[in-house]
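Source file upload10.txt; content: compact mmCIF, C-alpha atoms.
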# COMPACT_ATOMS: atom_id res chain seq x y z
CA MET A 1 0.00 0.00 0.00
CA ARG A 2 2.92 2.34 0.68
CA LYS A 3 3.97 2.33 -2.98
CA LYS A 4 0.41 3.13 -4.07
CA ILE A 5 0.23 6.04 -1.63
CA ILE A 6 3.54 7.39 -2.92
CA TRP A 7 2.27 7.20 -6.49
CA ILE A 8 -1.01 8.91 -5.55
CA ILE A 9 0.87 11.69 -3.76
CA ALA A 10 3.34 12.12 -6.62
CA ILE A 11 0.67 12.35 -9.31
CA GLY A 12 -1.57 14.51 -7.10
CA VAL A 13 1.24 16.94 -6.34
CA LEU A 14 2.20 17.21 -10.02
CA ILE A 15 -1.40 18.02 -10.94
CA ARG A 16 -1.51 20.65 -8.20
CA LEU A 17 1.76 22.24 -9.30
CA GLY A 18 0.61 22.35 -12.91
CA LEU A 19 -2.74 23.95 -12.07
CA ALA A 20 -1.23 26.45 -9.61
CA PHE A 21 1.39 27.45 -12.21
CA SER A 22 -0.99 27.87 -15.15
CA THR A 23 -4.18 29.42 -13.71
CA TYR A 24 -5.24 32.78 -12.33
CA HIS A 25 -8.32 34.13 -10.59
CA SER A 26 -8.68 37.63 -9.21
CA ASP A 27 -9.30 36.33 -5.67
CA VAL A 28 -5.59 35.63 -5.24
CA GLN A 29 -4.53 39.29 -5.46
CA PRO A 30 -6.14 40.77 -2.31
CA PHE A 31 -4.13 38.48 -0.02
CA TYR A 32 -0.79 39.79 -1.32
CA PHE A 33 -2.17 43.33 -1.25
CA ALA A 34 -3.29 42.82 2.36
CA GLY A 35 0.21 41.65 3.24
CA SER A 36 1.73 44.78 1.73
CA VAL A 37 -0.72 46.96 3.69
CA ILE A 38 0.15 45.17 6.94
CA ALA A 39 3.88 45.41 6.16
CA LYS A 40 3.51 49.21 6.10
CA GLY A 41 2.43 49.11 9.75
CA ASN A 42 -1.33 49.12 9.27
CA VAL A 43 -2.37 46.62 11.91
CA PHE A 44 -5.30 47.73 14.07
CA ASN A 45 -6.38 50.23 11.40
CA PHE A 46 -6.09 47.57 8.67
CA TYR A 47 -9.80 47.54 7.79
CA ASP A 48 -9.90 51.34 7.64
CA TYR A 49 -6.89 51.68 5.33
CA LEU A 50 -8.73 51.80 1.99
CA GLY A 51 -11.58 53.86 3.36
CA ASN A 52 -9.14 56.51 4.61
CA LEU A 53 -7.39 56.96 1.25
CA PRO A 54 -8.09 60.20 -0.67
CA ALA A 55 -10.92 59.93 -3.17
CA GLY A 56 -8.57 60.25 -6.13
CA ASP A 57 -6.04 57.67 -4.99
CA PRO A 58 -5.15 55.27 -7.87
CA ILE A 59 -5.60 52.27 -5.57
CA LEU A 60 -9.32 53.00 -5.35
CA LYS A 61 -9.57 52.75 -9.13
CA ILE A 62 -8.61 49.09 -8.81
CA TYR A 63 -9.95 48.05 -5.41
CA PRO A 64 -13.14 49.19 -3.60
CA PRO A 65 -13.01 50.49 0.00
CA ASN A 66 -14.78 47.31 1.17
CA LEU A 67 -12.19 44.96 -0.39
CA PHE A 68 -11.19 43.44 2.96
CA ASN A 69 -14.41 41.64 3.86
CA TYR A 70 -13.08 38.47 5.49
CA PRO A 71 -12.30 37.93 9.20
CA PRO A 72 -8.90 39.23 10.44
CA LEU A 73 -7.20 35.84 10.66
CA VAL A 74 -7.53 35.44 6.87
CA TYR A 75 -5.48 38.55 6.15
CA PHE A 76 -3.07 38.34 9.06
CA PHE A 77 -2.24 34.72 8.23
CA LEU A 78 -2.30 34.68 4.43
CA GLY A 79 -1.30 38.33 3.96
CA PRO A 80 2.19 38.19 5.55
CA ILE A 81 2.86 34.76 4.01
CA SER A 82 1.92 36.01 0.53
CA TYR A 83 4.02 39.14 1.00
CA LEU A 84 7.08 37.24 2.23
CA VAL A 85 7.07 34.54 -0.45
CA SER A 86 6.80 37.25 -3.14
CA LEU A 87 9.92 39.13 -1.98
CA PRO A 88 12.25 37.39 -4.49
CA PHE A 89 10.17 38.80 -7.36
CA SER A 90 10.79 42.24 -8.85
CA ARG A 91 8.78 45.17 -7.55
CA GLU A 92 7.85 45.93 -11.15
CA LEU A 93 6.16 42.54 -11.44
CA MET A 94 4.40 42.92 -8.10
CA ASN A 95 3.09 46.39 -8.97
CA GLY A 96 1.85 45.03 -12.28
CA PHE A 97 0.26 42.08 -10.48
CA ILE A 98 -1.71 44.43 -8.23
CA PHE A 99 -2.52 47.31 -10.57
CA ASP A 100 -2.17 46.07 -14.17
CA LEU A 101 -2.65 42.32 -14.28
CA PRO A 102 -3.75 42.00 -17.96
CA ASN A 103 -0.39 43.35 -19.15
CA GLN A 104 1.46 40.75 -17.06
CA LEU A 105 -0.25 37.79 -18.73
CA GLY A 106 2.25 35.79 -20.76
CA ASN A 107 5.10 36.81 -18.47
CA LEU A 108 6.62 33.55 -17.18
CA GLN A 109 7.50 35.25 -13.89
CA LEU A 110 3.77 35.72 -13.25
CA ASN A 111 3.25 31.96 -13.53
CA PHE A 112 5.95 31.30 -10.93
CA LEU A 113 4.44 33.99 -8.70
CA LEU A 114 1.01 32.35 -8.91
CA LEU A 115 2.57 29.01 -8.03
CA ILE A 116 4.39 30.44 -5.01
CA LEU A 117 1.29 32.26 -3.72
CA LYS A 118 -0.73 29.02 -3.76
CA LEU A 119 1.95 26.80 -2.21
CA PRO A 120 0.89 27.48 1.44
CA TYR A 121 -2.37 25.65 0.74
CA PHE A 122 -0.46 22.40 0.17
CA VAL A 123 -0.01 21.93 3.92
CA PHE A 124 -3.74 22.05 4.66
CA ASP A 125 -4.69 20.11 1.54
CA LEU A 126 -2.35 17.21 2.27
CA GLY A 127 -3.34 17.44 5.93
CA ILE A 128 -6.95 16.71 5.00
CA ALA A 129 -5.83 13.74 2.90
CA ALA A 130 -3.87 12.33 5.86
CA LEU A 131 -6.77 12.83 8.29
CA ILE A 132 -9.32 11.22 5.96
CA PHE A 133 -6.91 8.29 5.58
CA LYS A 134 -6.91 7.83 9.37
CA PHE A 135 -10.69 7.70 9.63
CA PHE A 136 -10.84 4.21 8.12
CA LYS A 137 -9.56 0.87 9.38
CA GLU A 138 -9.45 -1.37 6.31
CA PRO A 139 -6.42 -0.70 4.07
CA LYS A 140 -8.50 -0.64 0.87
CA ASN A 141 -10.87 1.95 2.36
CA LYS A 142 -7.96 4.03 3.61
CA LEU A 143 -6.39 4.06 0.16
CA PHE A 144 -9.68 4.72 -1.62
CA ALA A 145 -10.60 7.66 0.64
CA PHE A 146 -7.08 9.09 0.30
CA ALA A 147 -7.23 8.87 -3.51
CA LEU A 148 -10.71 10.42 -3.64
CA TRP A 149 -9.43 13.48 -1.82
CA MET A 150 -6.19 13.77 -3.78
CA PHE A 151 -8.00 13.71 -7.13
CA ASN A 152 -11.30 15.37 -6.35
CA PRO A 153 -11.92 18.19 -8.86
CA ILE A 154 -13.62 20.52 -6.36
CA ASN A 155 -10.47 20.89 -4.29
CA LEU A 156 -8.21 21.18 -7.34
CA TYR A 157 -10.42 23.90 -8.77
CA ALA A 158 -11.09 25.94 -5.63
CA THR A 159 -7.60 25.74 -4.14
CA TYR A 160 -5.18 25.66 -7.06
CA MET A 161 -7.12 27.29 -9.90
CA MET A 162 -9.06 29.95 -8.01
CA GLY A 163 -6.44 30.22 -5.26
CA GLN A 164 -9.14 30.44 -2.59
CA PHE A 165 -8.43 29.58 1.05
CA ASP A 166 -11.51 27.43 1.78
CA VAL A 167 -9.17 24.47 2.22
CA ILE A 168 -8.02 26.00 5.55
CA PRO A 169 -11.38 26.04 7.41
CA THR A 170 -12.17 22.70 5.77
CA PHE A 171 -8.95 21.28 7.21
CA LEU A 172 -9.77 22.67 10.66
CA THR A 173 -13.25 21.12 10.47
CA VAL A 174 -11.88 17.67 9.57
CA LEU A 175 -9.22 18.08 12.28
CA ALA A 176 -11.92 18.85 14.84
CA LEU A 177 -13.88 15.81 13.72
CA TYR A 178 -10.75 13.66 14.03
CA PHE A 179 -10.00 14.80 17.59
CA ALA A 180 -13.63 14.32 18.61
CA VAL A 181 -14.09 10.85 17.07
CA LYS A 182 -10.62 9.31 17.31
CA ARG A 183 -9.26 11.01 20.44
CA GLU A 184 -12.49 12.00 22.26
CA LYS A 185 -11.02 15.46 22.91
CA PHE A 186 -14.15 17.54 22.50
CA PHE A 187 -12.84 20.77 23.96
CA LEU A 188 -9.86 20.75 21.62
CA ALA A 189 -12.21 19.96 18.74
CA ALA A 190 -14.28 23.02 19.72
CA VAL A 191 -11.14 25.21 19.56
CA PHE A 192 -10.41 23.96 16.03
CA LEU A 193 -13.98 24.74 14.97
CA GLY A 194 -13.61 28.23 16.44
CA LEU A 195 -10.39 28.70 14.49
CA GLY A 196 -12.13 27.46 11.35
CA ALA A 197 -14.89 30.01 11.87
CA SER A 198 -12.15 32.66 12.09
CA PHE A 199 -11.55 32.01 8.39
CA LYS A 200 -15.11 31.31 7.24
CA ILE A 201 -18.09 31.18 9.53
CA PHE A 202 -19.56 27.77 8.58
CA PRO A 203 -17.68 25.67 11.24
CA PHE A 204 -19.81 27.40 13.87
CA LEU A 205 -22.72 25.25 12.67
CA PHE A 206 -20.90 22.15 13.94
CA LEU A 207 -20.37 23.30 17.53
CA VAL A 208 -23.86 22.34 18.71
CA PRO A 209 -23.86 18.85 17.09
CA LEU A 210 -20.46 18.29 18.72
CA ALA A 211 -21.71 19.39 22.13
CA LEU A 212 -24.97 17.40 21.89
CA MET A 213 -23.38 14.17 20.77
CA LYS A 214 -24.54 11.22 22.86
CA ASP A 215 -22.85 7.90 22.50
CA LYS A 216 -23.50 4.38 23.79
CA ARG A 217 -20.08 4.60 25.41
CA SER A 218 -19.47 6.70 28.49
CA LEU A 219 -18.10 10.02 27.27
CA PRO A 220 -16.62 12.71 29.54
CA TYR A 221 -19.35 15.24 28.76
CA ASP A 222 -22.34 12.89 28.32
CA GLY A 223 -25.37 14.28 30.11
CA LYS A 224 -23.47 17.20 31.62
CA TRP A 225 -25.04 20.41 30.39
CA MET A 226 -22.27 22.56 31.79
CA ASP A 227 -19.72 20.71 29.67
CA ARG A 228 -21.92 21.09 26.62
CA ILE A 229 -22.12 24.83 27.21
CA LYS A 230 -18.34 24.92 27.65
CA ILE A 231 -17.83 23.21 24.29
CA VAL A 232 -19.97 25.76 22.45
CA GLY A 233 -18.54 28.63 24.49
CA LEU A 234 -14.95 27.59 23.90
CA GLY A 235 -15.48 27.54 20.14
CA ALA A 236 -17.19 30.93 20.26
CA LEU A 237 -14.49 32.46 22.47
CA THR A 238 -11.77 31.23 20.12
CA TYR A 239 -13.45 33.10 17.29
CA VAL A 240 -14.09 36.21 19.39
CA ALA A 241 -10.42 36.32 20.44
CA THR A 242 -9.39 36.64 16.78
CA ILE A 243 -11.72 39.54 16.00
CA LEU A 244 -11.62 41.43 19.32
CA PRO A 245 -8.57 43.61 18.45
CA PHE A 246 -10.49 45.02 15.48
CA ILE A 247 -13.91 45.50 17.01
CA ASN A 248 -13.42 49.27 17.32
CA SER A 249 -12.64 49.57 13.62
CA SER A 250 -15.57 51.01 11.70
CA GLY A 251 -14.23 49.41 8.53
CA PHE A 252 -14.21 45.98 10.17
CA ARG A 253 -17.73 46.37 11.54
CA ALA A 254 -19.02 47.55 8.17
CA THR A 255 -17.38 44.99 5.88
CA ALA A 256 -16.21 41.92 7.78
CA LEU A 257 -18.09 41.51 11.06
CA VAL A 258 -21.25 40.26 9.36
CA ALA A 259 -20.59 39.08 5.81
CA GLY A 260 -23.47 39.80 3.44
CA GLN A 261 -22.90 36.47 1.69
CA THR A 262 -23.58 34.60 4.94
CA THR A 263 -26.95 36.27 5.51
CA LYS A 264 -28.24 35.07 2.13
CA SER A 265 -29.30 31.86 3.86
CA MET A 266 -32.00 33.88 5.62
CA TYR A 267 -33.83 34.88 2.43
CA ALA A 268 -35.98 31.76 2.01
CA ALA A 269 -39.07 32.22 4.17
CA LEU A 270 -42.75 31.32 4.42
CA PRO A 271 -44.98 34.35 5.10
CA ILE A 272 -47.61 33.68 7.75
CA SER A 273 -48.88 37.24 8.15
CA GLY A 274 -48.28 40.72 6.78
CA GLY A 275 -45.08 41.19 8.76
CA GLU A 276 -44.13 37.73 9.99
CA SER A 277 -42.43 34.79 8.28
CA ILE A 278 -40.94 31.44 9.13
CA ILE A 279 -37.31 31.50 7.97
CA PHE A 280 -36.48 28.04 6.68
CA PHE A 281 -32.74 27.88 7.43
CA PRO A 282 -32.80 28.59 11.19
CA PHE A 283 -36.04 26.59 11.49
CA LEU A 284 -34.44 23.43 10.09
CA ILE A 285 -31.12 23.96 11.86
CA LEU A 286 -32.91 24.25 15.22
CA PHE A 287 -35.11 21.26 14.38
CA PHE A 288 -32.09 19.06 13.74
CA TYR A 289 -30.30 20.37 16.81
CA LEU A 290 -33.31 19.16 18.81
CA VAL A 291 -33.18 15.81 17.03
CA PHE A 292 -29.48 15.55 17.91
CA LEU A 293 -30.33 16.35 21.52
CA PHE A 294 -32.82 13.51 21.92
CA LYS A 295 -31.40 10.90 19.55
CA LYS A 296 -28.44 8.95 20.87
CA GLY A 297 -25.93 8.04 18.17
CA ASP A 298 -22.63 6.37 17.49
CA LEU A 299 -19.66 8.71 17.86
CA LYS A 300 -18.03 7.34 14.72
CA ASN A 301 -21.00 8.72 12.77
CA LEU A 302 -20.69 12.24 14.10
CA TRP A 303 -19.56 13.21 10.60
CA SER A 304 -23.09 12.48 9.30
CA ARG A 305 -24.56 15.04 11.71
CA PHE A 306 -22.06 17.62 10.49
CA PHE A 307 -23.03 16.61 6.94
CA ILE A 308 -26.74 17.21 7.56
CA VAL A 309 -26.13 20.65 9.04
CA ILE A 310 -23.91 21.90 6.21
CA LEU A 311 -26.32 20.52 3.60
CA ILE A 312 -29.14 22.57 5.11
CA PHE A 313 -26.98 25.66 4.73
CA PHE A 314 -26.36 24.90 1.05
CA VAL A 315 -30.01 24.17 0.35
CA PHE A 316 -31.01 27.69 1.36
CA THR A 317 -27.98 29.65 0.17
CA HIS A 318 -26.81 31.17 -3.10
CA TYR A 319 -23.39 29.61 -2.72
CA HIS A 320 -20.10 30.30 -4.49
CA PRO A 321 -18.27 27.48 -6.35
CA GLN A 322 -15.38 27.28 -3.88
CA TRP A 323 -17.78 26.82 -0.95
CA PHE A 324 -18.61 23.34 -2.24
CA LEU A 325 -15.24 22.28 -0.85
CA TRP A 326 -16.80 22.42 2.64
CA VAL A 327 -19.06 19.48 1.72
CA THR A 328 -16.46 17.39 -0.09
CA PRO A 329 -14.92 15.49 2.89
CA PHE A 330 -18.40 14.34 3.96
CA ILE A 331 -19.23 13.16 0.44
CA ILE A 332 -16.00 11.15 0.48
CA PHE A 333 -16.97 9.61 3.83
CA ASP A 334 -20.32 8.66 2.34
CA LEU A 335 -18.84 7.19 -0.85
CA VAL A 336 -16.39 5.00 1.03
CA LYS A 337 -18.78 3.88 3.76
CA SER A 338 -21.57 3.12 1.28
CA GLY A 339 -19.24 1.27 -1.08
CA LEU A 340 -19.94 3.76 -3.90
CA LYS A 341 -23.67 3.10 -3.49
CA HIS A 342 -24.47 6.80 -3.80
CA TRP A 343 -22.36 7.58 -6.86
CA PRO A 344 -25.42 8.89 -8.81
CA LEU A 345 -25.83 11.55 -6.12
CA VAL A 346 -22.22 12.61 -6.60
CA VAL A 347 -22.69 12.83 -10.36
CA LEU A 348 -25.79 14.99 -10.00
CA SER A 349 -24.06 17.22 -7.46
CA PHE A 350 -21.09 17.62 -9.79
CA VAL A 351 -23.37 18.51 -12.72
CA SER A 352 -25.01 21.19 -10.59
CA TRP A 353 -21.64 22.54 -9.47
CA LEU A 354 -20.11 22.46 -12.96
CA GLY A 355 -23.10 24.30 -14.35
CA LEU A 356 -22.60 27.00 -11.73
CA VAL A 357 -18.87 27.30 -12.57
CA THR A 358 -19.37 27.56 -16.34
CA LEU A 359 -22.63 29.48 -16.28
CA TYR A 360 -21.92 33.14 -16.83
CA ASP A 361 -18.79 34.48 -15.11
CA PRO A 362 -15.83 33.94 -17.47
CA GLY A 363 -13.46 34.65 -14.59
CA LEU A 364 -14.50 31.28 -13.16
CA SER A 365 -13.85 29.35 -16.36
CA VAL A 366 -12.46 30.83 -19.58
CA TRP A 367 -10.14 33.39 -18.00
CA LEU A 368 -8.59 30.93 -15.57
CA PHE A 369 -5.98 29.75 -18.07
CA SER A 370 -5.07 33.25 -19.30
CA PRO A 371 -1.56 33.04 -17.74
CA ILE A 372 -0.64 30.47 -20.40
CA ALA A 373 -3.10 31.71 -23.05
CA PRO A 374 -3.41 35.51 -22.61
CA TYR A 375 -5.94 35.81 -25.43
CA LEU A 376 -8.50 34.07 -23.19
CA TYR A 377 -8.63 37.07 -20.85
CA GLY A 378 -11.65 39.20 -21.70
CA GLN A 379 -13.47 36.46 -23.64
CA LYS A 380 -17.12 35.61 -23.01
CA GLY A 381 -18.24 32.82 -20.74
CA LEU A 382 -18.76 29.26 -21.94
CA TRP A 383 -22.51 29.69 -22.05
CA ILE A 384 -24.87 32.54 -21.25
CA PRO A 385 -28.53 31.52 -20.81
CA SER A 386 -31.34 33.80 -21.90
CA ASP A 387 -32.61 33.83 -18.31
CA LEU A 388 -29.77 33.57 -15.79
CA ASN A 389 -32.03 33.26 -12.77
CA ILE A 390 -33.98 30.36 -14.27
CA ALA A 391 -30.75 28.54 -15.15
CA ARG A 392 -29.39 28.97 -11.64
CA SER A 393 -32.71 27.85 -10.20
CA TYR A 394 -32.62 24.59 -12.17
CA LEU A 395 -29.04 23.91 -11.10
CA GLN A 396 -29.86 24.63 -7.46
CA THR A 397 -32.95 22.41 -7.66
CA ILE A 398 -30.80 19.49 -8.83
CA PHE A 399 -28.49 19.88 -5.85
CA VAL A 400 -31.34 20.38 -3.38
CA SER A 401 -32.85 17.08 -4.53
CA VAL A 402 -29.54 15.34 -3.82
CA ALA A 403 -29.10 17.09 -0.48
CA THR A 404 -32.62 16.17 0.60
CA TYR A 405 -31.95 12.49 -0.07
CA TYR A 406 -28.68 12.63 1.89
CA ILE A 407 -30.53 14.22 4.82
CA TYR A 408 -33.25 11.57 4.62
CA TYR A 409 -30.67 8.77 4.44
CA TYR A 410 -28.63 10.03 7.41
CA PHE A 411 -31.56 11.18 9.52
CA PRO A 412 -30.48 10.30 13.09
CA LYS A 413 -31.79 7.00 14.38
CA GLU A 414 -31.71 5.88 17.97
CA SER A 415 -28.58 3.87 18.66
CA LYS A 416 -29.02 0.85 20.90
CA ALA A 417 -27.00 1.04 24.11

Will you turn the file into structure tokens for me?
Amino acid sequence: MRKKIIWIIAIGVLIRLGLAFSTYHSDVQPFYFAGSVIAKGNVFNFYDYLGNLPAGDPILKIYPPNLFNYPPLVYFFLGPISYLVSLPFSRELMNGFIFDLPNQLGNLQLNFLLLILKLPYFVFDLGIAALIFKFFKEPKNKLFAFALWMFNPINLYATYMMGQFDVIPTFLTVLALYFAVKREKFFLAAVFLGLGASFKIFPFLFLVPLALMKDKRSLPYDGKWMDRIKIVGLGALTYVATILPFINSSGFRATALVAGQTTKSMYAALPISGGESIIFFPFLILFFYLVFLFKKGDLKNLWSRFFIVILIFFVFTHYHPQWFLWVTPFIIFDLVKSGLKHWPLVVLSFVSWLGLVTLYDPGLSVWLFSPIAPYLYGQKGLWIPSDLNIARSYLQTIFVSVATYYIYYYFPKESKA
């Protein structure tokens, strides 16, 4: 098995290096720019930097004042790393990268820069592969799960083509699951979920299922409400500790404290009077939290409870392509544990996701390979439907059908003591 793992890693790494070297998406630039802003001494006023620039400043012609709209840990972790790894490159290239990217396309130095900027993600990516490997006992299942992660297109696209950092909170989520299930260290798992939420907020959804987990074995927290509260509180405090230094920043409160993309999950509602509605997302989340409270389960299946919760979020959210990475580890768990029984669900999910990627924004598809084919930059998308909203609705409906079946299949059942 060792030789097979080495081959999987070697091929997987080569694919990653090739994609990181040859693709570009605009999301990769703000992290380097954030690092340069921090390097100038803008720490506690970081979120106010762009807003305080004069109206005619050339930077504002490229980047809006609300550019920094992620939590602080994103910029203060990725920013300095991106800035430091770019130091060997000429300042001319870096200025062109920030302010005049189209004219840098075709410059081989740009390809090496893109590769270097994406390299930090390797640690978290391979970390997820190693953790997923450890979740299984049988060698064939270990190898299969490992290969599924190493070659899954969602991760390759989001991490090495778009250059997005969703692999980091995904890693912290899987790490939390590992420490909860394999080590029974629930407080440490809560800290990892809090750290994950410091990058993107979705790991918060898993704190309550973690705290409410009941198992047929005798667990340290089982039945102790104070310990359950501590688990949730510890995760929340970890997140609060990362944002507290910036809470007085008006720029932070306006752009990053409550992300507008996150609140989209609150749109779907059932009106019951002129001014009152039932909001589906919190309704179903609370419903399942109550189910988790009263249904005893097997600790090794805690992942399925996480899976249900994140699926509910996706059902009621206009999600971005890279967000689908959050679901991918759970789909791999399902594929391996079911013996590929649910492969049609994966195919339908992928069709829905691929339609979203290729739908209308050429920056998500055609422009990606502009570093090796500059003429692609500025071209139209692969397909533009006559009614964009209808097309998106059909694609979302396909995924919601799949998600609903997964939720039905993994609906918590009482575990016999």

9 Å contact set for Leu143 in chain A, only C-alpha atoms, chain neighbours under 2 positions out, as an mmCIF file with C-alpha atoms, in the coordinates of the input:
data_model
loop_
_atom_site.group_PDB
_atom_site.id
_atom_site.type_symbol
_atom_site.label_atom_id
_atom_site.label_comp_id
_atom_site.auth_asym_id
_atom_site.auth_seq_id
_atom_site.Cartn_x
_atom_site.Cartn_y
_atom_site.Cartn_z
ATOM 1 C CA MET A 1 0.000 0.000 0.000
ATOM 2 C CA LYS A 4 0.410 3.130 -4.070
ATOM 3 C CA ILE A 5 0.230 6.040 -1.630
ATOM 4 C CA PHE A 133 -6.910 8.290 5.580
ATOM 5 C CA GLU A 138 -9.450 -1.370 6.310
ATOM 6 C CA PRO A 139 -6.420 -0.700 4.070
ATOM 7 C CA LYS A 140 -8.500 -0.640 0.870
ATOM 8 C CA ASN A 141 -10.870 1.950 2.360
ATOM 9 C CA ALA A 145 -10.600 7.660 0.640
ATOM 10 C CA PHE A 146 -7.080 9.090 0.300
ATOM 11 C CA ALA A 147 -7.230 8.870 -3.510
ATOM 12 C CA LEU A 148 -10.710 10.420 -3.640
#

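Using all atoms listed in the file, the protein and nucleic acid residues lying no more than 9 Å from Phe97 in chain A, apart from those fewer than 5 places from it along its own chain, are Gln29, Glu92, Pro102, Asn103, Gln104 and Leu110 of chain A.
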
Which range 11-61 of chain A residues have any atom within 12 Å of an atom of range 346-362 of chain A, and for each, what is the nearest pair of atoms with distance in Å to one decimal, counting all atoms listed in the file, rows sorted by chain and number, as CSV?
residue,atom,partner,partner_atom,distance
A:Tyr24,CA,A:Pro362,CA,11.8
A:His25,CA,A:Pro362,CA,10.2
A:Ser26,CA,A:Pro362,CA,11.5

May I ask which of the residues A:Val402, A:Ile384, A:Leu311, A:Leu293 is the closest one to Pro344 in chain A, counting only C-alpha atoms?
->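 Distance minimum relative to Pro344 in chain A lands on A:Val402.
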
Excluding Thr328 in chain A and residues on its chain fewer than 5 positions from it, collect all residues at most 10 Å away from it, counting only C-alpha atoms, and give them as an NGL selection string.
-> :A and (148-149 or 152-155 or 170 or 307 or 323 or 333-334 or 346)

Of the residues A:Leu237, A:Val315, A:Ala190, A:Val37, which is the one nearest to Ala268 in chain A, using only C-alpha atoms?
->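 For Ala268 in chain A, the nearest of the given residues is A:Val315.
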
Since the input has fewer atoms than a full residue there, write range 338-343 of chain A out with all heavy atoms, as a PDB file, in the frame of the given file.
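To be explicit, this is the file written out as part00.pdb:
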ATOM      1  N   SER A 338     -20.456   3.757   1.993  1.00  0.00           N
ATOM      2  CA  SER A 338     -21.570   3.120   1.280  1.00  0.00           C
ATOM      3  C   SER A 338     -21.083   2.195   0.171  1.00  0.00           C
ATOM      4  O   SER A 338     -21.912   1.580  -0.518  1.00  0.00           O
ATOM      5  CB  SER A 338     -22.479   4.200   0.672  1.00  0.00           C
ATOM      6  OG  SER A 338     -21.822   4.884  -0.395  1.00  0.00           O
ATOM      7  N   GLY A 339     -19.764   2.106  -0.004  1.00  0.00           N
ATOM      8  CA  GLY A 339     -19.240   1.270  -1.080  1.00  0.00           C
ATOM      9  C   GLY A 339     -19.644   1.780  -2.453  1.00  0.00           C
ATOM     10  O   GLY A 339     -20.006   0.996  -3.336  1.00  0.00           O
ATOM     11  N   LEU A 340     -19.583   3.095  -2.633  1.00  0.00           N
ATOM     12  CA  LEU A 340     -19.940   3.760  -3.900  1.00  0.00           C
ATOM     13  C   LEU A 340     -21.428   3.651  -4.230  1.00  0.00           C
ATOM     14  O   LEU A 340     -21.838   3.930  -5.356  1.00  0.00           O
ATOM     15  CB  LEU A 340     -19.124   3.217  -5.074  1.00  0.00           C
ATOM     16  CG  LEU A 340     -17.656   3.637  -5.120  1.00  0.00           C
ATOM     17  CD1 LEU A 340     -16.970   2.984  -6.311  1.00  0.00           C
ATOM     18  CD2 LEU A 340     -17.508   5.136  -5.193  1.00  0.00           C
ATOM     19  N   LYS A 341     -22.236   3.253  -3.260  1.00  0.00           N
ATOM     20  CA  LYS A 341     -23.670   3.100  -3.490  1.00  0.00           C
ATOM     21  C   LYS A 341     -24.317   4.388  -3.988  1.00  0.00           C
ATOM     22  O   LYS A 341     -25.230   4.359  -4.816  1.00  0.00           O
ATOM     23  CB  LYS A 341     -24.330   2.636  -2.181  1.00  0.00           C
ATOM     24  CG  LYS A 341     -25.840   2.545  -2.219  1.00  0.00           C
ATOM     25  CD  LYS A 341     -26.376   2.139  -0.850  1.00  0.00           C
ATOM     26  CE  LYS A 341     -27.895   2.141  -0.817  1.00  0.00           C
ATOM     27  NZ  LYS A 341     -28.409   1.776   0.533  1.00  0.00           N
ATOM     28  N   HIS A 342     -23.819   5.521  -3.489  1.00  0.00           N
ATOM     29  CA  HIS A 342     -24.470   6.800  -3.800  1.00  0.00           C
ATOM     30  C   HIS A 342     -23.764   7.575  -4.915  1.00  0.00           C
ATOM     31  O   HIS A 342     -23.877   8.797  -4.985  1.00  0.00           O
ATOM     32  CB  HIS A 342     -24.522   7.668  -2.532  1.00  0.00           C
ATOM     33  CG  HIS A 342     -25.434   7.124  -1.489  1.00  0.00           C
ATOM     34  ND1 HIS A 342     -25.248   7.329  -0.138  1.00  0.00           N
ATOM     35  CD2 HIS A 342     -26.556   6.348  -1.589  1.00  0.00           C
ATOM     36  CE1 HIS A 342     -26.203   6.731   0.540  1.00  0.00           C
ATOM     37  NE2 HIS A 342     -27.003   6.131  -0.312  1.00  0.00           N
ATOM     38  N   TRP A 343     -23.065   6.873  -5.797  1.00  0.00           N
ATOM     39  CA  TRP A 343     -22.360   7.580  -6.860  1.00  0.00           C
ATOM     40  C   TRP A 343     -23.289   8.428  -7.747  1.00  0.00           C
ATOM     41  O   TRP A 343     -22.878   9.491  -8.230  1.00  0.00           O
ATOM     42  CB  TRP A 343     -21.540   6.606  -7.724  1.00  0.00           C
ATOM     43  CG  TRP A 343     -22.339   5.649  -8.555  1.00  0.00           C
ATOM     44  CD1 TRP A 343     -22.688   4.377  -8.248  1.00  0.00           C
ATOM     45  CD2 TRP A 343     -22.889   5.905  -9.853  1.00  0.00           C
ATOM     46  NE1 TRP A 343     -23.433   3.814  -9.256  1.00  0.00           N
ATOM     47  CE2 TRP A 343     -23.568   4.722 -10.265  1.00  0.00           C
ATOM     48  CE3 TRP A 343     -22.887   7.005 -10.712  1.00  0.00           C
ATOM     49  CZ2 TRP A 343     -24.225   4.631 -11.494  1.00  0.00           C
ATOM     50  CZ3 TRP A 343     -23.545   6.900 -11.938  1.00  0.00           C
ATOM     51  CH2 TRP A 343     -24.207   5.732 -12.314  1.00  0.00           C
TER      52      TRP A 343
END
